[in-house]
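In what follows, a single structure is set out as structure tokens and then discussed.
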Amino acid sequence: GAVVSQHPSWVICKSGTSVKIECRSLDFQATTMFWYRQFPKQSLMLMATSNEGSKATYEQGVEKDKFLINHASLTLSTLTVTSAHPEDSSFYICSARVASGSTYNEQFFGPGTRLTVL
Amino acid sequence: GQNIDQPTEMTATEGAIVQINCTYQTSGFNGLFWYQQHAGEAPTFLSYNVLDGLEEKGRFSSFLSRSKGYSYLLLKELQMKDSASYLCAVYMFSGGYNKLIFGAGTRLAVHP
């Protein structure tokens with residue numbers, strides 16, 4: 001099946017710094033990628049939808065200036081958490097949807113990035 | 001708006017059968033997914049239903065009734081490794097995009 005990678009797997013940073021998380025589709029092209037956040041024992045919350053070559057669409061309540069998303073190519077989307085604070089500590093998961101030829105609208109998930117802000 | 005409900009926790013015995021229910025109220029429905037997620041890992045795909053009826057795949061089956069806004073995941077011959085969270089997710093068209101919205105998940109504990 002399709003493979004999605006994320007880098008880094010985990011990151012610890014100081015409060016006030018910025019952190020960039022990469023999401024790559026390794027063996028397919030993804031016109032659309034999604035970024036989710038998951039707090040402990042909670043489900044995945046969609047943060048934004050990222051389309052290649054255009055601005056991301058953010059869900060209600062998600063600060064677009066704090067969570068910068070760039071989808072520069074059909075295989076790469078990045079999420080930058082700017083001026084991170086301890087409350088931003090979470091598990092960030094990206095997913096990618098196959099651009100074409102898919103029999104249904106399956107999304108493939110990356111392994112996630114655990115962010116801890118001290 | 002959208003609302004996806006599933007039980008928070010369930011327990012079952014190894015070798016038994018368990019059914020995890022999911023009810024939803026969404027607009028622009030384009031299908032329903034079930035995912036399995038172990039702690040600290042990303043979700044893995046289990047099943048997809050877009051038409052009414054039962055989809056069977058080995059020990060796992062999923063059912064959908066669009067008119068009732070209802071789905072269930074059926075796990076047979078439970079194994080200890082099936083202890084995980086099971087996420088019901090609705091694929092919906094909203095705000096100009098198709099997006100996958102998750103329920104809160106059901107934590108299943110399988111006991112010997």
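Chain labels run A, B, ... following the order of the structure tokens; each chain numbers its residues from 1, and ligands are numbered from 1 in the order shown.
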Non-local contacts of Ser43 of chain A (9 Å; only C-alpha atoms; under 6 positions in same chain excluded) as a PyMOL selection string: (chain A and resi 37) or (chain B and resi 87+102-105)
Store the residues picked out above, limited to C-alpha atoms, as an mmCIF file, in the first residue's frame.
```cif
data_model
loop_
_atom_site.group_PDB
_atom_site.id
_atom_site.type_symbol
_atom_site.label_atom_id
_atom_site.label_comp_id
_atom_site.auth_asym_id
_atom_site.auth_seq_id
_atom_site.Cartn_x
_atom_site.Cartn_y
_atom_site.Cartn_z
ATOM 1 C CA ARG A 37 -3.571 16.698 16.238
ATOM 2 C CA LEU B 87 -11.888 4.954 15.410
ATOM 3 C CA PHE B 102 -13.077 11.167 13.442
ATOM 4 C CA GLY B 103 -15.183 10.075 16.359
ATOM 5 C CA ALA B 104 -13.614 10.019 19.810
ATOM 6 C CA GLY B 105 -12.636 6.378 19.482
#
```
Please identify the strand (DSSP E or B) residues within chain B (assignment by DSSP from backbone atoms) and present them as a count of residues only. 71
Considering only C-alpha atoms, return as a PDB file with C-alpha atoms, in the first residue's frame whatever protein or nucleic-acid residues lie within 10 Å of Ile69 of chain A, sequence-local ones (same chain, fewer than 2 positions apart) excluded.
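Done, and the output landed in selection25.pdb:
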```pdb
ATOM      1  CA  LYS A  20       8.874  22.151  11.533  1.00  0.00           C
ATOM      2  CA  ILE A  21       7.331  18.751  10.810  1.00  0.00           C
ATOM      3  CA  GLU A  22       7.580  17.180   7.369  1.00  0.00           C
ATOM      4  CA  PHE A  34      -4.306  16.587   6.011  1.00  0.00           C
ATOM      5  CA  TRP A  35      -2.866  17.541   9.374  1.00  0.00           C
ATOM      6  CA  ALA A  48      -6.175  21.787   8.242  1.00  0.00           C
ATOM      7  CA  THR A  49      -6.446  20.547   4.698  1.00  0.00           C
ATOM      8  CA  SER A  50      -3.429  21.210   2.523  1.00  0.00           C
ATOM      9  CA  ASN A  51      -3.660  21.314  -1.264  1.00  0.00           C
ATOM     10  CA  LYS A  55      -3.204  27.934   0.673  1.00  0.00           C
ATOM     11  CA  ALA A  56      -4.257  25.518   3.359  1.00  0.00           C
ATOM     12  CA  THR A  57      -7.814  25.476   4.657  1.00  0.00           C
ATOM     13  CA  TYR A  58      -7.923  25.580   8.421  1.00  0.00           C
ATOM     14  CA  LYS A  64      -3.343  29.736  10.829  1.00  0.00           C
ATOM     15  CA  ASP A  65      -0.587  32.136  11.898  1.00  0.00           C
ATOM     16  CA  LYS A  66       0.556  29.740  14.568  1.00  0.00           C
ATOM     17  CA  PHE A  67       0.374  26.546  12.527  1.00  0.00           C
ATOM     18  CA  HIS A  71       2.427  22.093   0.422  1.00  0.00           C
ATOM     19  CA  ALA A  72       5.058  22.905  -2.144  1.00  0.00           C
ATOM     20  CA  SER A  77       3.723  19.078   3.072  1.00  0.00           C
ATOM     21  CA  THR A  78       5.200  20.810   6.110  1.00  0.00           C
ATOM     22  CA  LEU A  79       3.640  21.991   9.339  1.00  0.00           C
ATOM     23  CA  THR A  80       5.495  24.628  11.330  1.00  0.00           C
ATOM     24  CA  VAL A  81       4.421  25.254  14.895  1.00  0.00           C
TER      25      VAL A  81
END
```
With only C-alpha atoms as the counted atoms, please give the residues lying no more than 9 Å from Pro111 of chain A, apart from itself and same-chain residues fewer than 4 positions off, as number ranges by chain. A: 4-6, 9, 93-94; B: 40-43
Keeping all heavy atoms, export the residues of the selection given above as a PDB file, in the first residue's frame.
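After the write, part-v6.pdb holds the following:
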```pdb
ATOM      1  N   VAL A   4       3.358   6.803   3.807  1.00  0.00           N
ATOM      2  CA  VAL A   4       3.529   8.205   4.184  1.00  0.00           C
ATOM      3  C   VAL A   4       4.522   8.257   5.335  1.00  0.00           C
ATOM      4  O   VAL A   4       4.389   7.508   6.305  1.00  0.00           O
ATOM      5  CB  VAL A   4       2.188   8.836   4.606  1.00  0.00           C
ATOM      6  CG1 VAL A   4       2.395  10.271   5.088  1.00  0.00           C
ATOM      7  CG2 VAL A   4       1.201   8.793   3.442  1.00  0.00           C
ATOM      8  N   SER A   5       5.507   9.118   5.208  1.00  0.00           N
ATOM      9  CA  SER A   5       6.499   9.252   6.274  1.00  0.00           C
ATOM     10  C   SER A   5       6.384  10.627   6.920  1.00  0.00           C
ATOM     11  O   SER A   5       5.891  11.589   6.303  1.00  0.00           O
ATOM     12  CB  SER A   5       7.915   9.056   5.719  1.00  0.00           C
ATOM     13  OG  SER A   5       8.292  10.158   4.901  1.00  0.00           O
ATOM     14  N   GLN A   6       6.831  10.698   8.138  1.00  0.00           N
ATOM     15  CA  GLN A   6       6.888  11.965   8.857  1.00  0.00           C
ATOM     16  C   GLN A   6       8.256  12.102   9.499  1.00  0.00           C
ATOM     17  O   GLN A   6       8.852  11.117   9.954  1.00  0.00           O
ATOM     18  CB  GLN A   6       5.818  12.036   9.960  1.00  0.00           C
ATOM     19  CG  GLN A   6       4.453  12.467   9.478  1.00  0.00           C
ATOM     20  CD  GLN A   6       3.463  12.635  10.598  1.00  0.00           C
ATOM     21  OE1 GLN A   6       2.480  11.899  10.662  1.00  0.00           O
ATOM     22  NE2 GLN A   6       3.689  13.608  11.489  1.00  0.00           N
ATOM     23  N   SER A   9      10.242  11.958  14.170  1.00  0.00           N
ATOM     24  CA  SER A   9       9.285  11.100  14.879  1.00  0.00           C
ATOM     25  C   SER A   9       8.899  11.728  16.208  1.00  0.00           C
ATOM     26  O   SER A   9       7.771  11.569  16.683  1.00  0.00           O
ATOM     27  CB  SER A   9       9.896   9.722  15.136  1.00  0.00           C
ATOM     28  OG  SER A   9      10.219   9.104  13.918  1.00  0.00           O
ATOM     29  N   ILE A  93      -0.259  14.170  13.405  1.00  0.00           N
ATOM     30  CA  ILE A  93      -0.308  13.119  12.387  1.00  0.00           C
ATOM     31  C   ILE A  93      -0.748  13.723  11.062  1.00  0.00           C
ATOM     32  O   ILE A  93      -1.710  14.493  11.014  1.00  0.00           O
ATOM     33  CB  ILE A  93      -1.302  11.996  12.774  1.00  0.00           C
ATOM     34  CG1 ILE A  93      -0.969  11.429  14.147  1.00  0.00           C
ATOM     35  CG2 ILE A  93      -1.293  10.887  11.735  1.00  0.00           C
ATOM     36  CD1 ILE A  93      -1.994  10.406  14.623  1.00  0.00           C
ATOM     37  N   CYS A  94      -0.040  13.361  10.009  1.00  0.00           N
ATOM     38  CA  CYS A  94      -0.468  13.809   8.688  1.00  0.00           C
ATOM     39  C   CYS A  94      -1.038  12.619   7.923  1.00  0.00           C
ATOM     40  O   CYS A  94      -0.775  11.467   8.251  1.00  0.00           O
ATOM     41  CB  CYS A  94       0.675  14.426   7.897  1.00  0.00           C
ATOM     42  SG  CYS A  94       1.863  13.239   7.256  1.00  0.00           S
TER      43      CYS A  94
ATOM     44  N   GLY B  40       0.239   5.533  20.753  1.00  0.00           N
ATOM     45  CA  GLY B  40       1.466   6.131  20.239  1.00  0.00           C
ATOM     46  C   GLY B  40       1.747   5.865  18.775  1.00  0.00           C
ATOM     47  O   GLY B  40       2.825   6.211  18.283  1.00  0.00           O
ATOM     48  N   GLU B  41       0.800   5.252  18.098  1.00  0.00           N
ATOM     49  CA  GLU B  41       1.000   4.949  16.682  1.00  0.00           C
ATOM     50  C   GLU B  41      -0.079   5.614  15.844  1.00  0.00           C
ATOM     51  O   GLU B  41      -1.098   6.064  16.350  1.00  0.00           O
ATOM     52  CB  GLU B  41       0.992   3.429  16.455  1.00  0.00           C
ATOM     53  CG  GLU B  41       2.079   2.690  17.198  1.00  0.00           C
ATOM     54  CD  GLU B  41       2.016   1.180  16.946  1.00  0.00           C
ATOM     55  OE1 GLU B  41       1.234   0.744  16.082  1.00  0.00           O
ATOM     56  OE2 GLU B  41       2.749   0.448  17.635  1.00  0.00           O
ATOM     57  N   ALA B  42       0.145   5.662  14.558  1.00  0.00           N
ATOM     58  CA  ALA B  42      -0.847   6.227  13.648  1.00  0.00           C
ATOM     59  C   ALA B  42      -1.966   5.224  13.400  1.00  0.00           C
ATOM     60  O   ALA B  42      -1.791   4.019  13.590  1.00  0.00           O
ATOM     61  CB  ALA B  42      -0.178   6.601  12.330  1.00  0.00           C
ATOM     62  N   PRO B  43      -3.132   5.690  12.997  1.00  0.00           N
ATOM     63  CA  PRO B  43      -4.237   4.780  12.690  1.00  0.00           C
ATOM     64  C   PRO B  43      -3.925   3.907  11.486  1.00  0.00           C
ATOM     65  O   PRO B  43      -3.247   4.338  10.548  1.00  0.00           O
ATOM     66  CB  PRO B  43      -5.393   5.731  12.365  1.00  0.00           C
ATOM     67  CG  PRO B  43      -4.995   7.052  12.870  1.00  0.00           C
ATOM     68  CD  PRO B  43      -3.511   7.095  12.824  1.00  0.00           C
TER      69      PRO B  43
END
```
Identify, on the basis of only C-alpha atoms, every residue whose closest approach to segment 52-67 of chain B does not exceed 8 Å; exclude the query and any residue fewer than 5 positions from it along the same chain; express the result as a PyMOL selection string. chain B and resi 32+34+46-47+72-77
Can you build me a table of chain A residues sitting at most 7 Å from chain B, with the closest atom pair per residue and its distance in Å to one decimal, using only C-alpha atoms, sorted by chain and residue number, as a Markdown table?
```
| residue | atom | partner | partner_atom | distance |
| --- | --- | --- | --- | --- |
| A:Gln42 | CA | B:Ala104 | CA | 6.1 |
| A:Ser43 | CA | B:Ala104 | CA | 4.6 |
| A:Leu44 | CA | B:Phe102 | CA | 6.2 |
| A:Leu46 | CA | B:Ile101 | CA | 6.9 |
| A:Phe109 | CA | B:Ala42 | CA | 6.4 |
| A:Gly110 | CA | B:Ala42 | CA | 6.4 |
| A:Pro111 | CA | B:Ala42 | CA | 4.9 |
| A:Gly112 | CA | B:Ala42 | CA | 5.9 |
```
File dump, residues just selected, N, CA and C atoms, as an mmCIF file, in the first residue's frame:
```cif
data_model
loop_
_atom_site.group_PDB
_atom_site.id
_atom_site.type_symbol
_atom_site.label_atom_id
_atom_site.label_comp_id
_atom_site.auth_asym_id
_atom_site.auth_seq_id
_atom_site.Cartn_x
_atom_site.Cartn_y
_atom_site.Cartn_z
ATOM 1 N N GLN A 42 -7.477 10.978 23.413
ATOM 2 C CA GLN A 42 -8.494 11.637 22.616
ATOM 3 C C GLN A 42 -8.332 11.232 21.160
ATOM 4 N N SER A 43 -9.324 11.574 20.370
ATOM 5 C CA SER A 43 -9.270 11.180 18.969
ATOM 6 C C SER A 43 -8.521 12.215 18.143
ATOM 7 N N LEU A 44 -8.416 11.928 16.875
ATOM 8 C CA LEU A 44 -7.723 12.833 15.970
ATOM 9 C C LEU A 44 -8.624 14.023 15.647
ATOM 10 N N LEU A 46 -8.966 17.186 13.140
ATOM 11 C CA LEU A 46 -8.459 17.763 11.903
ATOM 12 C C LEU A 46 -8.099 19.224 12.130
ATOM 13 N N PHE A 109 -2.028 7.321 6.448
ATOM 14 C CA PHE A 109 -1.526 8.104 7.555
ATOM 15 C C PHE A 109 -0.021 7.933 7.755
ATOM 16 N N GLY A 110 0.602 9.017 8.143
ATOM 17 C CA GLY A 110 1.996 8.950 8.546
ATOM 18 C C GLY A 110 2.093 8.381 9.945
ATOM 19 N N PRO A 111 3.312 8.093 10.410
ATOM 20 C CA PRO A 111 3.504 7.478 11.730
ATOM 21 C C PRO A 111 3.347 8.455 12.883
ATOM 22 N N GLY A 112 3.219 9.740 12.591
ATOM 23 C CA GLY A 112 3.021 10.716 13.644
ATOM 24 C C GLY A 112 4.309 11.311 14.170
#
```
Write out as a PyMOL selection string which residues come within 8 Å of Leu115 of chain A when counting only C-alpha atoms, dropping same-chain ones fewer than 4 positions away. chain A and resi 10-13+88-92
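Atom pair atom CA of Asn21 of chain B / atom CA of Ile4 of chain B: separated by 10.5 Å.
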Long-range neighbours of Lys14 of chain A as a VMD selection string, 10 Å cut-off, only C-alpha atoms, 2 positions minimum in chain: chain A and resid 12 16 to 19 83 to 86 116 to 118
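In this model, the gap between atom CA of Thr32 of chain A and atom CA of Gln36 of chain B comes to 22.4 Å.
Taking atom CA of Pro112 of chain B and atom CA of Glu14 of chain B as the two end points, the separation is 5.2 Å.
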